[in-house]
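Asks: Okay, here's the structure, questions in a sec.
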Amino acid sequence: MDFALSEEQRAFKDMAADFAREDMEPYAREWDETSTFPVETLRKAAALGFGGIYVGEDVGGSGLTRFDAALIFEELAKGCTSTAAYISIHNMAAWMIDRFGNDEQRQRFLPRLCSMEHFAAYCLTEPGSGSDAAALRTKAVRGGDVYVLNGSKAFISGGGAADLYVAMVRTGEDGPKGISCIVVEKETPGLSFGAQEVKLGWKSQPTAQVNFSDCRVPAENLIGGEGLGFKIAMAGLDGGRLNIGACSLGAAQTCLERAIAYMKERRQFGRALAEFQALQFRIADMASELEAARLLLHKAAMKVDAKENDATRFAAMAKRLATDTGFKVVNEALQLHGGYGYLRDYPIERYLRDVRVHQILEGTNEIMRLIVSRELLAG
């Protein structure tokens with residue numbers, strides 16, 4: 001058991017940290033307040049290899065591991081958690097094409113996704129099916145060399161701005177076996193978008209309903225064959241859960257560091273806050289719980305990389321713990337800032353708003369508990 005990072009891992013971790021500090025953090029407040037999707041910054045991130053972190057190198061990807069990605073996303077989230085989370089979703093959609101697409105699809109779609117010349121969105125959730133993903137109703141009926149899609153997807157990150165929509169659709173019977181995966185390109189007739197959602201956080205990435213109305217998609221855009229969509233979706237979510245957990249850890253880590261700095265400066269009753277033992281204990285607990293969540297997330301990432309039988313369970317455990325702990329630590333950091341933590345002059349409130357949704361997306365934390373308990377009790 002070796003907890004040390006390799007020289008290569010330290011290098012791209014530092015590169016992500018530098019990018020977050022220099023190209024994301026100074027602009028994060030503006031992006032949040034103006035709901036700006038920072039296209040050029042995203043493309044600068046892609047130029048560093050962050051547009052296809054675990055996509056094959058032959059199509060422009062970085063060919064890294066899920067553990068590597070966890071290191072990268074934790075650092076990026078320190079700069080702007082919302083933007084880092086969109087990069088995670090883009091990577092998840094690109095990986096699905098890389099892992100399950102044929103060579104023609106990989107060569108056609110992935111080079112422009114890895115450079116972020118094109119942006120990707122992942123379309124699973126529907127207005128009537130969130131946690132119960134196998135109940136999705138969007139239909140795709142084949143007629144000749146096209147599929148005709150009808151239905152809607154809800155809460156889609158990148159909705160309206162993305163160029164490719166990796167959509168889960170029903171091509172067969174009810175339940176998971178009737179679901180397939182297809183790539184819908186932005187200019188496809190019959191594809192439209194709802195109004196941009198007004199959200200608590202995650203304001204630097206667009207979110208909208210995606211609608212299909214007799215949307216005619218070439219059959220050659222089907223990924224992996226009919227009936228494999230649910231398997232593809234769940235495989236993608238294992239990695240997505242690790243990434244979003246890492247984003248929570250990054251936000252929490254920077255908020256912890258900011259709280260420590262504030263406690264050393266702020267004085268009450270003639271002493272710095274850092275001299276009060278009760279507050280020292282809170283900092284100690286925040287750091288300990290954050291480190292425990294990080295270790296579990298890294299173990300889960302290694303299991304996903306190794307394709308171990310219990311990888312899905314560990315990804316669910318890690319996502320639940322990292323996102324719950326991340327929110328708790330950010331909330332504690334806000335409390336330690338007192339009234340100042342509630343002001344937009346300090347970034348803690350933005351991190352709090354951005355990490356809150358991590359306990360909901362990529363499978364709610366209640367569903368994470370269900371995944372874990374079902375596997376444990378199955379034996």
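Starting from 1 in every chain, residues are counted up; chains themselves are A, B, ... following the order of the structure tokens, and ligands are numbered from 1 as listed.
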Could I get the residues of range 191-220 of chain A with an atom no further than 12 Å from an atom of range 105-111 of chain A, each paired with its nearest atom pair and that distance in Å to one decimal, using only C-alpha atoms, sorted by chain and residue number, as a Markdown table?

Replies:
| residue | atom | partner | partner_atom | distance |
| --- | --- | --- | --- | --- |
| A:Pro218 | CA | A:Gln105 | CA | 12.0 |
| A:Ala219 | CA | A:Gln105 | CA | 11.6 |
| A:Glu220 | CA | A:Gln105 | CA | 8.2 |

Asks: Mind writing the picked residues with N, CA and C atoms as an mmCIF file, in the first residue's frame?

Replies:
data_model
loop_
_atom_site.group_PDB
_atom_site.id
_atom_site.type_symbol
_atom_site.label_atom_id
_atom_site.label_comp_id
_atom_site.auth_asym_id
_atom_site.auth_seq_id
_atom_site.Cartn_x
_atom_site.Cartn_y
_atom_site.Cartn_z
ATOM 1 N N PRO A 218 -29.223 10.028 -37.247
ATOM 2 C CA PRO A 218 -28.674 8.922 -38.039
ATOM 3 C C PRO A 218 -28.437 7.675 -37.185
ATOM 4 N N ALA A 219 -28.795 6.520 -37.713
ATOM 5 C CA ALA A 219 -28.612 5.270 -36.976
ATOM 6 C C ALA A 219 -27.140 5.020 -36.665
ATOM 7 N N GLU A 220 -26.252 5.605 -37.467
ATOM 8 C CA GLU A 220 -24.816 5.422 -37.237
ATOM 9 C C GLU A 220 -24.349 6.119 -35.955
#

Asks: What's around range 168-181 of chain A at 9 Å? Count only C-alpha atoms, leave out sequence neighbours fewer than 6 positions away in its own chain, and write the answer as a count of residues only.

Replies: 29

Asks: So which bits of range 209-250 of chain A end up strand (DSSP E or B) when you DSSP the backbone, as a list in words?

Replies: Gln209, Val210, Asn211, Phe212, Ser213, Asp214, Cys215, Arg216, Val217, Pro218, Leu222 and Ile223 of chain A

Asks: Tell me which protein, DNA and RNA residues are within 10 Å of range 295-301 of chain A, counting only C-alpha atoms, leaving out same-chain ones fewer than 2 positions away, and put them as a ChimeraX atom specification.

Replies: /A:3,65-71,238-239,241-243,245-246,249,290-293,303-308,310-322

Asks: Which residues are near Thr254 in chain A? Cut-off 9 Å, only C-alpha atoms, ignore same chain within fewer than 4 positions. Put them as a PDB file with all heavy atoms, in the first residue's frame.

Replies:
ATOM      1  N   ALA A  77     -11.597  22.216  -8.793  1.00  0.00           N
ATOM      2  CA  ALA A  77     -12.752  22.688  -8.019  1.00  0.00           C
ATOM      3  C   ALA A  77     -12.374  23.781  -7.041  1.00  0.00           C
ATOM      4  O   ALA A  77     -13.234  24.561  -6.614  1.00  0.00           O
ATOM      5  CB  ALA A  77     -13.410  21.520  -7.288  1.00  0.00           C
ATOM      6  N   LYS A  78     -11.108  23.871  -6.661  1.00  0.00           N
ATOM      7  CA  LYS A  78     -10.683  24.936  -5.771  1.00  0.00           C
ATOM      8  C   LYS A  78     -10.781  26.294  -6.465  1.00  0.00           C
ATOM      9  O   LYS A  78     -10.980  27.315  -5.809  1.00  0.00           O
ATOM     10  CB  LYS A  78      -9.238  24.692  -5.299  1.00  0.00           C
ATOM     11  CG  LYS A  78      -9.074  23.448  -4.436  1.00  0.00           C
ATOM     12  CD  LYS A  78      -7.607  23.213  -4.087  1.00  0.00           C
ATOM     13  CE  LYS A  78      -7.428  21.931  -3.278  1.00  0.00           C
ATOM     14  NZ  LYS A  78      -6.000  21.670  -2.972  1.00  0.00           N
ATOM     15  N   GLY A  79     -10.650  26.299  -7.797  1.00  0.00           N
ATOM     16  CA  GLY A  79     -10.736  27.547  -8.538  1.00  0.00           C
ATOM     17  C   GLY A  79     -12.169  27.961  -8.798  1.00  0.00           C
ATOM     18  O   GLY A  79     -12.565  29.094  -8.521  1.00  0.00           O
ATOM     19  N   LEU A 249     -14.508  17.612  -2.523  1.00  0.00           N
ATOM     20  CA  LEU A 249     -13.306  17.642  -1.683  1.00  0.00           C
ATOM     21  C   LEU A 249     -12.476  18.898  -1.960  1.00  0.00           C
ATOM     22  O   LEU A 249     -11.947  19.520  -1.034  1.00  0.00           O
ATOM     23  CB  LEU A 249     -12.463  16.391  -1.924  1.00  0.00           C
ATOM     24  CG  LEU A 249     -13.087  15.051  -1.555  1.00  0.00           C
ATOM     25  CD1 LEU A 249     -12.138  13.909  -1.910  1.00  0.00           C
ATOM     26  CD2 LEU A 249     -13.448  14.992  -0.072  1.00  0.00           C
ATOM     27  N   GLY A 250     -12.357  19.260  -3.244  1.00  0.00           N
ATOM     28  CA  GLY A 250     -11.574  20.451  -3.579  1.00  0.00           C
ATOM     29  C   GLY A 250     -12.177  21.716  -3.017  1.00  0.00           C
ATOM     30  O   GLY A 250     -11.471  22.565  -2.459  1.00  0.00           O
ATOM     31  N   ARG A 258      -9.146  28.600   3.893  1.00  0.00           N
ATOM     32  CA  ARG A 258      -9.571  29.981   4.061  1.00  0.00           C
ATOM     33  C   ARG A 258     -10.052  30.235   5.491  1.00  0.00           C
ATOM     34  O   ARG A 258      -9.820  31.316   6.063  1.00  0.00           O
ATOM     35  CB  ARG A 258     -10.673  30.321   3.057  1.00  0.00           C
ATOM     36  CG  ARG A 258     -10.198  30.372   1.619  1.00  0.00           C
ATOM     37  CD  ARG A 258     -11.375  30.394   0.641  1.00  0.00           C
ATOM     38  NE  ARG A 258     -10.956  30.220  -0.727  1.00  0.00           N
ATOM     39  CZ  ARG A 258     -10.613  31.195  -1.561  1.00  0.00           C
ATOM     40  NH1 ARG A 258     -10.639  32.453  -1.129  1.00  0.00           N
ATOM     41  NH2 ARG A 258     -10.235  30.952  -2.795  1.00  0.00           N
ATOM     42  N   ALA A 259     -10.723  29.250   6.075  1.00  0.00           N
ATOM     43  CA  ALA A 259     -11.199  29.382   7.455  1.00  0.00           C
ATOM     44  C   ALA A 259     -10.022  29.467   8.427  1.00  0.00           C
ATOM     45  O   ALA A 259     -10.038  30.266   9.376  1.00  0.00           O
ATOM     46  CB  ALA A 259     -12.112  28.214   7.812  1.00  0.00           C
ATOM     47  N   VAL A 330     -17.646  22.794   4.122  1.00  0.00           N
ATOM     48  CA  VAL A 330     -17.862  24.148   3.592  1.00  0.00           C
ATOM     49  C   VAL A 330     -18.817  24.924   4.497  1.00  0.00           C
ATOM     50  O   VAL A 330     -18.597  26.104   4.795  1.00  0.00           O
ATOM     51  CB  VAL A 330     -18.396  24.092   2.150  1.00  0.00           C
ATOM     52  CG1 VAL A 330     -18.753  25.493   1.654  1.00  0.00           C
ATOM     53  CG2 VAL A 330     -17.370  23.465   1.220  1.00  0.00           C
TER      54      VAL A 330
END

Asks: Which residue is closest to Gln280 in chain A? Choose from A:Cys80, A:Met263, A:Ala4, A:Met15 and count only C-alpha atoms.

Replies: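 Checking each of A:Cys80, A:Met263, A:Ala4, A:Met15 against Gln280 in chain A, counting only C-alpha atoms, the winner is A:Met263.
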
Asks: Write out as a ChimeraX atom specification which residues come within 10 Å of Pro347 in chain A when counting only C-alpha atoms, dropping same-chain ones fewer than 5 positions away.

Replies: /A:25,28-29,255,258,334,340-342,352

Asks: Next, write the just-selected residues to a file, as a PDB file, in the first residue's frame, keeping all heavy atoms as the atom set.

Replies:
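Output saved as selection_0.pdb:
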ATOM      1  N   GLU A  25     -10.050  30.894 -10.497  1.00  0.00           N
ATOM      2  CA  GLU A  25     -10.410  31.586  -9.252  1.00  0.00           C
ATOM      3  C   GLU A  25     -10.616  33.088  -9.418  1.00  0.00           C
ATOM      4  O   GLU A  25     -11.587  33.639  -8.878  1.00  0.00           O
ATOM      5  CB  GLU A  25      -9.352  31.306  -8.180  1.00  0.00           C
ATOM      6  CG  GLU A  25      -9.702  31.893  -6.832  1.00  0.00           C
ATOM      7  CD  GLU A  25      -8.607  31.642  -5.797  1.00  0.00           C
ATOM      8  OE1 GLU A  25      -7.884  30.628  -5.918  1.00  0.00           O
ATOM      9  OE2 GLU A  25      -8.477  32.463  -4.879  1.00  0.00           O
ATOM     10  N   ALA A  28     -14.179  33.493 -11.015  1.00  0.00           N
ATOM     11  CA  ALA A  28     -15.297  32.648 -10.589  1.00  0.00           C
ATOM     12  C   ALA A  28     -16.481  33.466 -10.081  1.00  0.00           C
ATOM     13  O   ALA A  28     -17.639  33.133 -10.355  1.00  0.00           O
ATOM     14  CB  ALA A  28     -14.833  31.666  -9.519  1.00  0.00           C
ATOM     15  N   ARG A  29     -16.207  34.537  -9.344  1.00  0.00           N
ATOM     16  CA  ARG A  29     -17.312  35.350  -8.825  1.00  0.00           C
ATOM     17  C   ARG A  29     -18.094  35.993  -9.973  1.00  0.00           C
ATOM     18  O   ARG A  29     -19.334  35.991  -9.973  1.00  0.00           O
ATOM     19  CB  ARG A  29     -16.777  36.424  -7.884  1.00  0.00           C
ATOM     20  CG  ARG A  29     -17.883  37.339  -7.353  1.00  0.00           C
ATOM     21  CD  ARG A  29     -17.358  38.375  -6.379  1.00  0.00           C
ATOM     22  NE  ARG A  29     -18.423  39.284  -5.963  1.00  0.00           N
ATOM     23  CZ  ARG A  29     -18.265  40.266  -5.094  1.00  0.00           C
ATOM     24  NH1 ARG A  29     -17.078  40.473  -4.509  1.00  0.00           N
ATOM     25  NH2 ARG A  29     -19.290  41.046  -4.770  1.00  0.00           N
ATOM     26  N   CYS A 255     -11.975  25.865   1.280  1.00  0.00           N
ATOM     27  CA  CYS A 255     -12.744  26.577   2.311  1.00  0.00           C
ATOM     28  C   CYS A 255     -12.139  26.351   3.695  1.00  0.00           C
ATOM     29  O   CYS A 255     -12.123  27.264   4.535  1.00  0.00           O
ATOM     30  CB  CYS A 255     -14.204  26.139   2.283  1.00  0.00           C
ATOM     31  SG  CYS A 255     -15.108  26.784   0.850  1.00  0.00           S
ATOM     32  N   ARG A 258      -9.146  28.600   3.893  1.00  0.00           N
ATOM     33  CA  ARG A 258      -9.571  29.981   4.061  1.00  0.00           C
ATOM     34  C   ARG A 258     -10.052  30.235   5.491  1.00  0.00           C
ATOM     35  O   ARG A 258      -9.820  31.316   6.063  1.00  0.00           O
ATOM     36  CB  ARG A 258     -10.673  30.321   3.057  1.00  0.00           C
ATOM     37  CG  ARG A 258     -10.198  30.372   1.619  1.00  0.00           C
ATOM     38  CD  ARG A 258     -11.375  30.394   0.641  1.00  0.00           C
ATOM     39  NE  ARG A 258     -10.956  30.220  -0.727  1.00  0.00           N
ATOM     40  CZ  ARG A 258     -10.613  31.195  -1.561  1.00  0.00           C
ATOM     41  NH1 ARG A 258     -10.639  32.453  -1.129  1.00  0.00           N
ATOM     42  NH2 ARG A 258     -10.235  30.952  -2.795  1.00  0.00           N
ATOM     43  N   LEU A 334     -18.063  28.377   6.583  1.00  0.00           N
ATOM     44  CA  LEU A 334     -18.894  29.577   6.553  1.00  0.00           C
ATOM     45  C   LEU A 334     -19.223  30.029   7.973  1.00  0.00           C
ATOM     46  O   LEU A 334     -19.137  31.217   8.298  1.00  0.00           O
ATOM     47  CB  LEU A 334     -20.165  29.315   5.748  1.00  0.00           C
ATOM     48  CG  LEU A 334     -21.035  30.534   5.407  1.00  0.00           C
ATOM     49  CD1 LEU A 334     -21.792  30.314   4.096  1.00  0.00           C
ATOM     50  CD2 LEU A 334     -22.043  30.852   6.515  1.00  0.00           C
ATOM     51  N   TYR A 340     -19.397  37.454   8.040  1.00  0.00           N
ATOM     52  CA  TYR A 340     -18.660  37.667   6.804  1.00  0.00           C
ATOM     53  C   TYR A 340     -18.819  36.486   5.842  1.00  0.00           C
ATOM     54  O   TYR A 340     -18.774  36.655   4.624  1.00  0.00           O
ATOM     55  CB  TYR A 340     -17.178  37.912   7.101  1.00  0.00           C
ATOM     56  CG  TYR A 340     -16.932  39.249   7.768  1.00  0.00           C
ATOM     57  CD1 TYR A 340     -16.596  39.318   9.116  1.00  0.00           C
ATOM     58  CD2 TYR A 340     -17.040  40.429   7.045  1.00  0.00           C
ATOM     59  CE1 TYR A 340     -16.382  40.542   9.739  1.00  0.00           C
ATOM     60  CE2 TYR A 340     -16.822  41.669   7.651  1.00  0.00           C
ATOM     61  CZ  TYR A 340     -16.497  41.712   9.001  1.00  0.00           C
ATOM     62  OH  TYR A 340     -16.293  42.920   9.596  1.00  0.00           O
ATOM     63  N   GLY A 341     -18.980  35.287   6.381  1.00  0.00           N
ATOM     64  CA  GLY A 341     -19.152  34.110   5.534  1.00  0.00           C
ATOM     65  C   GLY A 341     -20.399  34.168   4.687  1.00  0.00           C
ATOM     66  O   GLY A 341     -20.495  33.510   3.644  1.00  0.00           O
ATOM     67  N   TYR A 342     -21.368  34.975   5.135  1.00  0.00           N
ATOM     68  CA  TYR A 342     -22.652  35.081   4.441  1.00  0.00           C
ATOM     69  C   TYR A 342     -22.630  36.134   3.338  1.00  0.00           C
ATOM     70  O   TYR A 342     -23.577  36.248   2.566  1.00  0.00           O
ATOM     71  CB  TYR A 342     -23.748  35.416   5.461  1.00  0.00           C
ATOM     72  CG  TYR A 342     -25.137  35.004   5.063  1.00  0.00           C
ATOM     73  CD1 TYR A 342     -25.499  33.661   4.979  1.00  0.00           C
ATOM     74  CD2 TYR A 342     -26.104  35.959   4.766  1.00  0.00           C
ATOM     75  CE1 TYR A 342     -26.765  33.278   4.620  1.00  0.00           C
ATOM     76  CE2 TYR A 342     -27.393  35.590   4.405  1.00  0.00           C
ATOM     77  CZ  TYR A 342     -27.710  34.249   4.332  1.00  0.00           C
ATOM     78  OH  TYR A 342     -28.983  33.867   3.965  1.00  0.00           O
ATOM     79  N   LEU A 352     -20.456  27.055  -1.067  1.00  0.00           N
ATOM     80  CA  LEU A 352     -21.568  26.372  -0.409  1.00  0.00           C
ATOM     81  C   LEU A 352     -22.701  26.111  -1.401  1.00  0.00           C
ATOM     82  O   LEU A 352     -23.253  25.004  -1.464  1.00  0.00           O
ATOM     83  CB  LEU A 352     -22.081  27.215   0.762  1.00  0.00           C
ATOM     84  CG  LEU A 352     -23.184  26.569   1.587  1.00  0.00           C
ATOM     85  CD1 LEU A 352     -22.589  25.584   2.591  1.00  0.00           C
ATOM     86  CD2 LEU A 352     -24.015  27.618   2.319  1.00  0.00           C
TER      87      LEU A 352
END

Asks: Kindly indicate which residue among A:Ser192, A:Ser131, A:Asn91, A:Asn331 lies nearest to His118 in chain A, using only C-alpha atoms for the distances.

Replies: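 Between A:Ser192, A:Ser131, A:Asn91, A:Asn331, the residue approaching His118 in chain A most closely is A:Asn91.
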
Asks: Taking the DSSP secondary structure from the backbone, can you list the residues of range 17-151 of chain A that are helix (DSSP H, G or I), as a PyMOL selection string?

Replies: chain A and resi 17-34+39-47+57-59+66-79+81-100+103-114+133-135

Asks: Name the closest residue to Gly144 in chain A among the candidates A:Ala85, A:Thr36, A:Lys203, A:Val217; distances are taken between atoms, counting only C-alpha atoms.

Replies: A:Val217
